[in-house]
Each structure stands twice: as C-alpha cells, then as structure tokens.
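Enquirer: Structure provided below as structure tokens; questions to follow.
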Amino acid sequence: MPRSRRAARRGPGSGRAGSPVSEEEAGSEVLSHCSSASEGASPAEEGAGSEAASEQGQEEEVEDRLKEHMDNLLDKSAKTRQAALQSLRLAFSSKTLSEFLLERRLTLTDSLEKCLKKGKGEEQALAGTVLTLLCLQMGSGPEAEEVFRSLKPLLVSVLTDSTASPGARQSCATALGMCCYIAAADLEDLVSCLSCLEGVFSSPSTGEGGSAPAHHGPLHCSALQSWSLLLTICPPSHIKSVLDNHWLKLPPLLSSSSVTLRILAGEAIALIFELAQDMEEDLCHQDTEFLRAQLKVLATESSKYRAKTDRRKQRSIFRDILHFIESGEYQEETIRFGVECMYLDSWARQRTYQAFKEVLGSGIRHHLQNNELLREIFGLGPPLVLDAAALKASKVSRFEKHLYNSAAFKARTKARSRVRDKRADVL
C-alpha cells in the first residue's frame with residue numbers, strides 16, 4: 001500500500017452565540033462598543049486593525065475573482081474557458097486555497113470533466129494541469145481521493161488516445177501520476193497507473209536492435225517522469241516485480257535523440273538501483289555491465305552533432321548517475337525557501353521534488369512554506385508562523401544583492417582573464 005499522507009485541515013471558524021435581544025439592539029450595542037474601543041485604542045492597535053481589515057478585503061476580492069473564473073469554465077466560448085483555466089492555474093500555483101477549494105470541489109470537478117471531454121488541445125492541457133493543482137491544494141484526504149477516482153478513467157482515455165493533441169496527452173500523463181501519488185489509497189489504482197504510463201514511454205515502436213525511436217518527445221518524458229514518481233511510493237512486492245522484469249525497458253531510452261528523455265531515463269535507472277539497494281537486492285548481471293558502458297559514454301560524450309549546452313548538461317548528470325551506481329553515494333543538494341531549507345539526499349527525494357516543481361513553477365517556494373501536504377511529504381513539520389520582524393530580517397536588501405553580484409562578477413572576470421593570459425602564452 002502507498003504511504004498515507006493525510007494532511008490535517010483546519011476546522012471552520014468558531015460561530016457566534018445567539019442572543020435573545022433584537023437585531024437592532026444588538027447592532028447598536030456592537031457599534032457603541034466599537035466606538036468606545038476605538039477611542040481608547042493606541043495608534044499601533046488601530047494600525048493592526050486596519051491592516052487586518054485590508055487583508056480580509058483582499059482575500060474576499062481574490063475569492064470573488066476565483067468564483068468568476070470558475071463560472072467562466074461553463075462559458076460557450078472556448079477562448080473564455082481557456083482564459084479562465086489559465087487564471088485558475090496561476091492562482092492555484094501561487095497561493096494556498098485549500099479551504100476555499102474543498103467547499104467547491106464538486107462544482108470545479110464537474111467543470112474540469114467537461115473541459116477534458118469536450119475541449120480540444122490547449123483547453124484539455126490546461127484542464128489537466130488545473131486538476132493536478134486542485135488535488136495538490138486539497139491534500140491526501142478522502143476528498144482528493146474522490147476527485148481522482150472520478151476523473152482517472154477520463155485521464156487514461158485522453159492519455160491513450162492517439163488522435164488527441166500531444167499537449168493534452170502530456171498534461172494528462174502528468175496529472176495521472178501526480179493525482180495518483182497524492183490521492184490514491186488502493187494498490188490497484190497505483191499499479192494500473194504505473195502500467196498505463198509504462199505503456200506510453202515503452203511503446204513497441206522501438207527500432208531494430210532495441211534502439212529508441214527518433215520521435216520520442218515531451219509526451220514520453222512526462223510519462224516516464226510520472227512513472228518514476230509513482231515508483232517512490234510502491235510497496236516492496238511491486239518494486240520486486242519492477243526489478244525482475246520492467247527496468248530493462250529503460251536502457252534503450254538512453255539512445256533517444258531527446259536529451260531530456262536520455263537524462264530522465266538515466267535518473268530512473270539510478271532510482272531503481274537505489275530502491276534495489278534499500279531492499280538489499282542485487283542487480284548485477286550481464287545486462288548491468290553493458291549499462292555501465294552506456295552510462296560512461298554518456299558521461300563523457302563530446303559528439304559535435306549534439307548542442308553544446310545539451311552535452312554539458314548530459315555529462316554533468318550522467319557523471320552523478322554513474323558515481324551513484326558504482327559507489328552508492330548520492331550528491332546531496334540543498335533547497336532554500338524563506339528562512340528554511342531542506343536536503344535532497346536521494347534519487348527518490350529528488351524525483352519527488354522535481355515533480356512538484358514542474359507543476360508549481362515559481363510557486364514551489366510558497367507551497368513548501370505553507371502547503372501542509374508538501375510539508376508532510378518532505379518531513380518539514382507544520383508551517384512556520386513568522387512575525388513581520390523575522391520576515392524582514394530574512395530578506396536580502398537590493399543593495400546587498402547588488403554588492404554580492406558585483407563581487408561575483410569581478411571574481412569571474414579575474415578568473416577568465418587568467419585563463420586568457422595562459423592561452424596567449426601558449427600561442
């Protein structure tokens with residue numbers, strides 16, 4: 001069974017007790033109390049009160065706009081629906097709106113279902129992304145599981161439909177993997193999603209000799225990313241099946257013409273070696289020796305027909321992959337957000353972080369700070385409550401950034417000058 005990630009939700013606000021007095025008397029009593037309180041209030045208290053009122057007004061304005069966008073999902077114009085989906089995508093990725101969305105999940109789910117069924121191309125792609133963000137906002141409770149269960153067949157249908165647009169299929173591959181990771185409670189759902197995604201990136205269109213087809217593109221990359229993500233929550237029994245049968249479908253992808261797919265395949269192989277290591281399983285047999293030879297070639301490749309940036313990126317990542325397979329050591333990475341930081345110290349943790357970063361974009365830092373689901377997944381604990389002084393102290397001023405950049409530029413220029421001088425001496 002996949003690990004449980006039931007994020008606790010805050011309860012509704014406390015209601016006011018009823019009173020036998022009339023509404024008019026109650027209203028006058030409240031007004032007189034407020035006026036007397038304001039007379040004796042200090043300037044600091046008045047400022048805090050006006051700031052709270054301003055924040056509440058902004059929240060209400062945001063919610064009104066979101067309701068309008070949700071209503072526009074049912075508009076007859078495809079252009080209007082797409083604009084509404086785009087606005088919802090931006091809002092969901094940059095803010096935490098769990099309570100607001102939990103109350104309206106059924107309405108929003110019905111609207112997204114219609115967009116996926118009747119929409120075309122861009123509309124379907126946006127609907128898949130918004131669905132992913134909806135599950136991410138709601139967390140791993142029964143509400144998210146209900147949404148996933150209701151739309152899973154539709155996601156699989158679009159993903160496996162060869163006549164659907166590549167963008168829509170790619171978005172559905174990501175949505176299927178992410179929503180299953182967040183909300184699936186049954187092993188059956190997990191295994192069926194893994195099987196569906198594997199059928200996309202390891203389709204029987206490989207060329208002779210097991211080489212990957214030249215037409216591998218973003219769809220295959222998204223399917224492989226989602227498949228790798230779901231591997232990180234598989235129970236040991238299914239991991240054993242992957243180690244015995246499925247992982248050998250990955251090495252042919254190392255010959256793909258797509259640098260992104262080659263890198264993702266290499267990272268998936270490293271993840272499988274890591275999972276085998278955790279289970280004390282041995283993957284060393286005749287196929288692994290050939291695999292290591294492939295990885296060494298990719299870690300040192302200097303072919304001129306590949307772009308320089310692609311070669312540099314590929315060599316860097318495959319050096320890390322080869323180092324891990326040979327020594328079992330992972331190159332740790334530090335992610336900083338606000339006054340906190342977290343460590344990516346395994347391929348499983350790195351794959352999970354990259355999956356959420358892919359969906360949230362620049363909003364990943366906000367959600368790491370405030371989203372209870374992400375904080376539970378990465379073991380960050382409850383969201384920190386910081387006062388204004390702490391927040392101000394954690395921010396780097398524009399002048400300090402300028403000084404740092406100037407110093408870095410000066411050091412870089414000196415280093416390059418020394419290299420140029422040596423080249424001149426050689427000439």
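FYI, nothing fancy with the structure tokens labels: chains A, B, ... in order, residues from 1 per chain, ligands from 1 as they appear.
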Name the residues in contact with A:Ala125 at a cut-off of 6 Å, using only C-alpha atoms, excluding same-chain residues fewer than 6 positions from it; report them as a list in words.
Expert: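 Everything that qualifies: Gly167, Ala168 and Ser171 of chain A.
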Enquirer: I need the residues in stretch 109-307 of chain A that are helix (DSSP H, G or I) according to DSSP; give them as number ranges by chain.
Expert: A: 109-118, 122-138, 142-159, 166-183, 187-201, 208-210, 218-231, 236-249, 251-255, 259-278, 286-300
Enquirer: Let me make sure I understand: among A:Thr174, A:Gln86, A:Ser165, A:Ser228, which one has the smallest atom-to-atom distance to A:Glu358 if we use only C-alpha atoms?
Expert: A:Thr174
Enquirer: List as CSV every residue of stretch 281-343 of chain A that is in contact with stretch 380-385 of chain A, defined as an atom at most 10 Å from one of its atoms (using only C-alpha atoms), together with the nearest atom pair and the distance in Å rounded to one decimal, sorted by chain and then rising number.
Expert:
```
residue,atom,partner,partner_atom,distance
A:Val339,CA,A:Leu384,CA,9.5
A:Glu340,CA,A:Leu380,CA,9.1
A:Cys341,CA,A:Leu380,CA,9.1
A:Met342,CA,A:Leu380,CA,7.8
```
Enquirer: Give me the residues near A:Ser87 as a ChimeraX atom specification, where near means some atom within 12 Å (using only C-alpha atoms) and where sequence neighbours in that chain fewer than 2 positions away do not count.
Expert: /A:62,65-70,72-73,80-85,89-94,126-127,129-130
Enquirer: Calculate how many Å separate atom CA of A:Glu267 from atom CA of A:Thr232, rounding to one decimal.
Expert: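 Atom-to-atom, atom CA of A:Glu267 and atom CA of A:Thr232 are spaced 12.6 Å apart.
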Enquirer: Find, counting only C-alpha atoms, the residue in A:Ile263, A:Ile269, A:Cys221, A:Leu97 that gets nearest to A:Leu298.
Expert: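 Ranking A:Ile263, A:Ile269, A:Cys221, A:Leu97 by distance to A:Leu298, first place goes to A:Ile263.
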Enquirer: May I ask which of the residues A:Gln170, A:Gln294, A:Ser406, A:Thr413 is the closest one to A:Gly121, counting only C-alpha atoms?
Expert: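 Answer, going by the shortest atom-to-atom distance: A:Gln170.
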Enquirer: From the set A:Ser140, A:Ser226, A:Thr132, A:Ser150, which residue has the shortest atom-to-atom contact distance to A:Val359, counting only C-alpha atoms?
Expert: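 With only C-alpha atoms as the atom set, the closest residue is A:Thr132.
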Enquirer: Could you name the residues that touch A:Leu134 at 10 Å or less, counting only C-alpha atoms, but leaving out those on the same chain fewer than 3 positions away, as a ChimeraX atom specification?
Expert: /A:88-89,92-93,97-98,101-102,105,108-109,128-131,137-139,144,147,179
Enquirer: Only all heavy atoms, please: the residues just picked out, written as a short mmCIF file (atom, residue, chain, number, x, y, z; two decimals), in the first residue's frame.
Expert:
```cif
data_model
loop_
_atom_site.label_atom_id
_atom_site.label_comp_id
_atom_site.auth_asym_id
_atom_site.auth_seq_id
_atom_site.Cartn_x
_atom_site.Cartn_y
_atom_site.Cartn_z
N LEU A 88 -6.99 30.26 -13.24
CA LEU A 88 -7.05 29.32 -12.12
C LEU A 88 -5.69 28.64 -11.91
O LEU A 88 -5.26 28.43 -10.76
CB LEU A 88 -8.13 28.27 -12.36
CG LEU A 88 -9.58 28.78 -12.30
CD1 LEU A 88 -10.54 27.68 -12.72
CD2 LEU A 88 -9.93 29.28 -10.90
N ARG A 89 -5.03 28.31 -13.00
CA ARG A 89 -3.70 27.68 -12.89
C ARG A 89 -2.73 28.60 -12.16
O ARG A 89 -2.00 28.16 -11.26
CB ARG A 89 -3.17 27.35 -14.29
CG ARG A 89 -1.81 26.65 -14.29
CD ARG A 89 -1.25 26.49 -15.68
NE ARG A 89 -0.85 27.77 -16.25
CZ ARG A 89 0.30 28.39 -15.97
NH1 ARG A 89 1.16 27.84 -15.12
NH2 ARG A 89 0.60 29.54 -16.53
N PHE A 92 -3.83 28.87 -8.36
CA PHE A 92 -3.61 27.65 -7.58
C PHE A 92 -2.12 27.39 -7.34
O PHE A 92 -1.75 26.80 -6.32
CB PHE A 92 -4.21 26.44 -8.28
CG PHE A 92 -5.72 26.44 -8.33
CD1 PHE A 92 -6.46 27.49 -7.80
CD2 PHE A 92 -6.41 25.39 -8.93
CE1 PHE A 92 -7.85 27.50 -7.85
CE2 PHE A 92 -7.81 25.39 -8.99
CZ PHE A 92 -8.52 26.45 -8.44
N SER A 93 -1.28 27.80 -8.28
CA SER A 93 0.16 27.53 -8.14
C SER A 93 0.87 28.55 -7.27
O SER A 93 1.96 28.30 -6.76
CB SER A 93 0.84 27.48 -9.51
OG SER A 93 0.71 28.72 -10.18
N LEU A 97 -5.07 27.64 -1.13
CA LEU A 97 -6.51 27.91 -1.13
C LEU A 97 -7.30 26.67 -0.75
O LEU A 97 -8.41 26.43 -1.24
CB LEU A 97 -6.95 28.38 -2.53
CG LEU A 97 -6.21 29.61 -3.09
CD1 LEU A 97 -6.34 29.66 -4.61
CD2 LEU A 97 -6.79 30.88 -2.48
N SER A 98 -6.75 25.85 0.13
CA SER A 98 -7.33 24.54 0.40
C SER A 98 -8.77 24.61 0.91
O SER A 98 -9.65 23.89 0.43
CB SER A 98 -6.46 23.77 1.39
OG SER A 98 -6.26 24.54 2.56
N LEU A 101 -11.25 25.73 -1.82
CA LEU A 101 -11.45 24.73 -2.88
C LEU A 101 -12.17 23.48 -2.35
O LEU A 101 -12.91 22.85 -3.11
CB LEU A 101 -10.10 24.34 -3.48
CG LEU A 101 -9.43 25.45 -4.30
CD1 LEU A 101 -8.04 25.05 -4.72
CD2 LEU A 101 -10.27 25.81 -5.52
N LEU A 102 -11.94 23.13 -1.11
CA LEU A 102 -12.65 21.97 -0.55
C LEU A 102 -14.16 22.18 -0.57
O LEU A 102 -14.92 21.25 -0.80
CB LEU A 102 -12.17 21.69 0.88
CG LEU A 102 -10.84 20.94 1.01
CD1 LEU A 102 -10.31 21.03 2.42
CD2 LEU A 102 -11.00 19.49 0.58
N ARG A 105 -15.20 21.81 -4.47
CA ARG A 105 -14.51 20.79 -5.26
C ARG A 105 -15.44 20.08 -6.25
O ARG A 105 -15.03 19.76 -7.37
CB ARG A 105 -13.84 19.78 -4.35
CG ARG A 105 -14.79 18.91 -3.56
CD ARG A 105 -14.07 18.00 -2.58
NE ARG A 105 -14.99 17.10 -1.91
CZ ARG A 105 -15.76 17.45 -0.89
NH1 ARG A 105 -15.73 18.68 -0.42
NH2 ARG A 105 -16.58 16.57 -0.34
N LEU A 108 -16.15 22.39 -9.26
CA LEU A 108 -14.94 22.54 -10.08
C LEU A 108 -14.60 21.24 -10.80
O LEU A 108 -14.20 21.25 -11.97
CB LEU A 108 -13.78 22.98 -9.19
CG LEU A 108 -12.46 23.32 -9.89
CD1 LEU A 108 -12.67 24.32 -11.01
CD2 LEU A 108 -11.45 23.83 -8.88
N THR A 109 -14.79 20.10 -10.13
CA THR A 109 -14.51 18.80 -10.75
C THR A 109 -15.42 18.58 -11.96
O THR A 109 -14.96 18.10 -13.01
CB THR A 109 -14.70 17.66 -9.73
OG1 THR A 109 -13.85 17.89 -8.61
CG2 THR A 109 -14.36 16.32 -10.35
N GLY A 128 -6.08 19.53 -17.43
CA GLY A 128 -5.27 18.53 -16.74
C GLY A 128 -4.36 19.15 -15.69
O GLY A 128 -4.22 18.62 -14.58
N THR A 129 -3.78 20.30 -16.02
CA THR A 129 -2.89 20.99 -15.07
C THR A 129 -3.67 21.51 -13.87
O THR A 129 -3.22 21.38 -12.72
CB THR A 129 -2.16 22.15 -15.77
OG1 THR A 129 -1.43 21.65 -16.90
CG2 THR A 129 -1.20 22.84 -14.82
N VAL A 130 -4.84 22.11 -14.12
CA VAL A 130 -5.66 22.64 -13.03
C VAL A 130 -6.13 21.50 -12.11
O VAL A 130 -6.18 21.65 -10.89
CB VAL A 130 -6.86 23.44 -13.58
CG1 VAL A 130 -7.82 23.83 -12.45
CG2 VAL A 130 -6.38 24.69 -14.30
N LEU A 131 -6.45 20.35 -12.70
CA LEU A 131 -6.85 19.19 -11.90
C LEU A 131 -5.71 18.76 -10.97
O LEU A 131 -5.94 18.46 -9.79
CB LEU A 131 -7.26 18.04 -12.81
CG LEU A 131 -7.53 16.70 -12.13
CD1 LEU A 131 -8.68 16.82 -11.13
CD2 LEU A 131 -7.83 15.62 -13.17
N GLN A 137 -3.79 21.09 -3.79
CA GLN A 137 -4.33 22.03 -2.81
C GLN A 137 -5.15 21.30 -1.74
O GLN A 137 -5.11 21.65 -0.55
CB GLN A 137 -5.22 23.06 -3.51
CG GLN A 137 -4.47 24.07 -4.37
CD GLN A 137 -4.00 25.27 -3.58
OE1 GLN A 137 -4.24 25.39 -2.38
NE2 GLN A 137 -3.32 26.18 -4.25
N MET A 138 -5.92 20.28 -2.13
CA MET A 138 -6.80 19.59 -1.19
C MET A 138 -6.06 18.63 -0.27
O MET A 138 -6.56 18.26 0.79
CB MET A 138 -7.90 18.84 -1.96
CG MET A 138 -8.90 19.75 -2.64
SD MET A 138 -10.37 18.85 -3.21
CE MET A 138 -9.63 17.74 -4.40
N GLY A 139 -4.88 18.17 -0.69
CA GLY A 139 -4.15 17.23 0.14
C GLY A 139 -4.56 15.79 -0.13
O GLY A 139 -5.26 15.50 -1.10
N ALA A 144 -9.82 14.46 -1.98
CA ALA A 144 -8.93 14.36 -3.15
C ALA A 144 -9.03 12.98 -3.78
O ALA A 144 -9.00 12.84 -5.01
CB ALA A 144 -7.49 14.64 -2.73
N VAL A 147 -12.08 12.91 -6.00
CA VAL A 147 -11.85 13.62 -7.27
C VAL A 147 -11.01 12.76 -8.21
O VAL A 147 -11.31 12.63 -9.40
CB VAL A 147 -11.15 14.97 -7.00
CG1 VAL A 147 -10.69 15.61 -8.31
CG2 VAL A 147 -12.10 15.92 -6.27
N CYS A 179 -1.77 13.05 -9.39
CA CYS A 179 -3.00 12.81 -8.62
C CYS A 179 -2.98 11.44 -7.96
O CYS A 179 -3.46 11.28 -6.83
CB CYS A 179 -4.23 12.95 -9.52
SG CYS A 179 -4.48 14.63 -10.15
#
```
Enquirer: Which residue, A:Ser241, A:Leu112, A:Phe409, A:Glu143, has the smallest gap to A:Ala184 when you use only C-alpha atoms?
Expert: A:Glu143
Enquirer: Which is closer to A:Val191 than all the others in A:Lys152, A:His238, A:Arg312, A:Lys357, using only C-alpha atoms?
Expert: A:His238
Enquirer: Contacts of A:Glu372 at 7 Å or less, counting only C-alpha atoms, minus same-chain residues fewer than 2 places along, as a list of chain:residue names?
Expert: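 Returned residues: A:Ala7, A:Asn370, A:Leu374, A:Arg375, A:Glu376, A:Pro382, A:Pro383.
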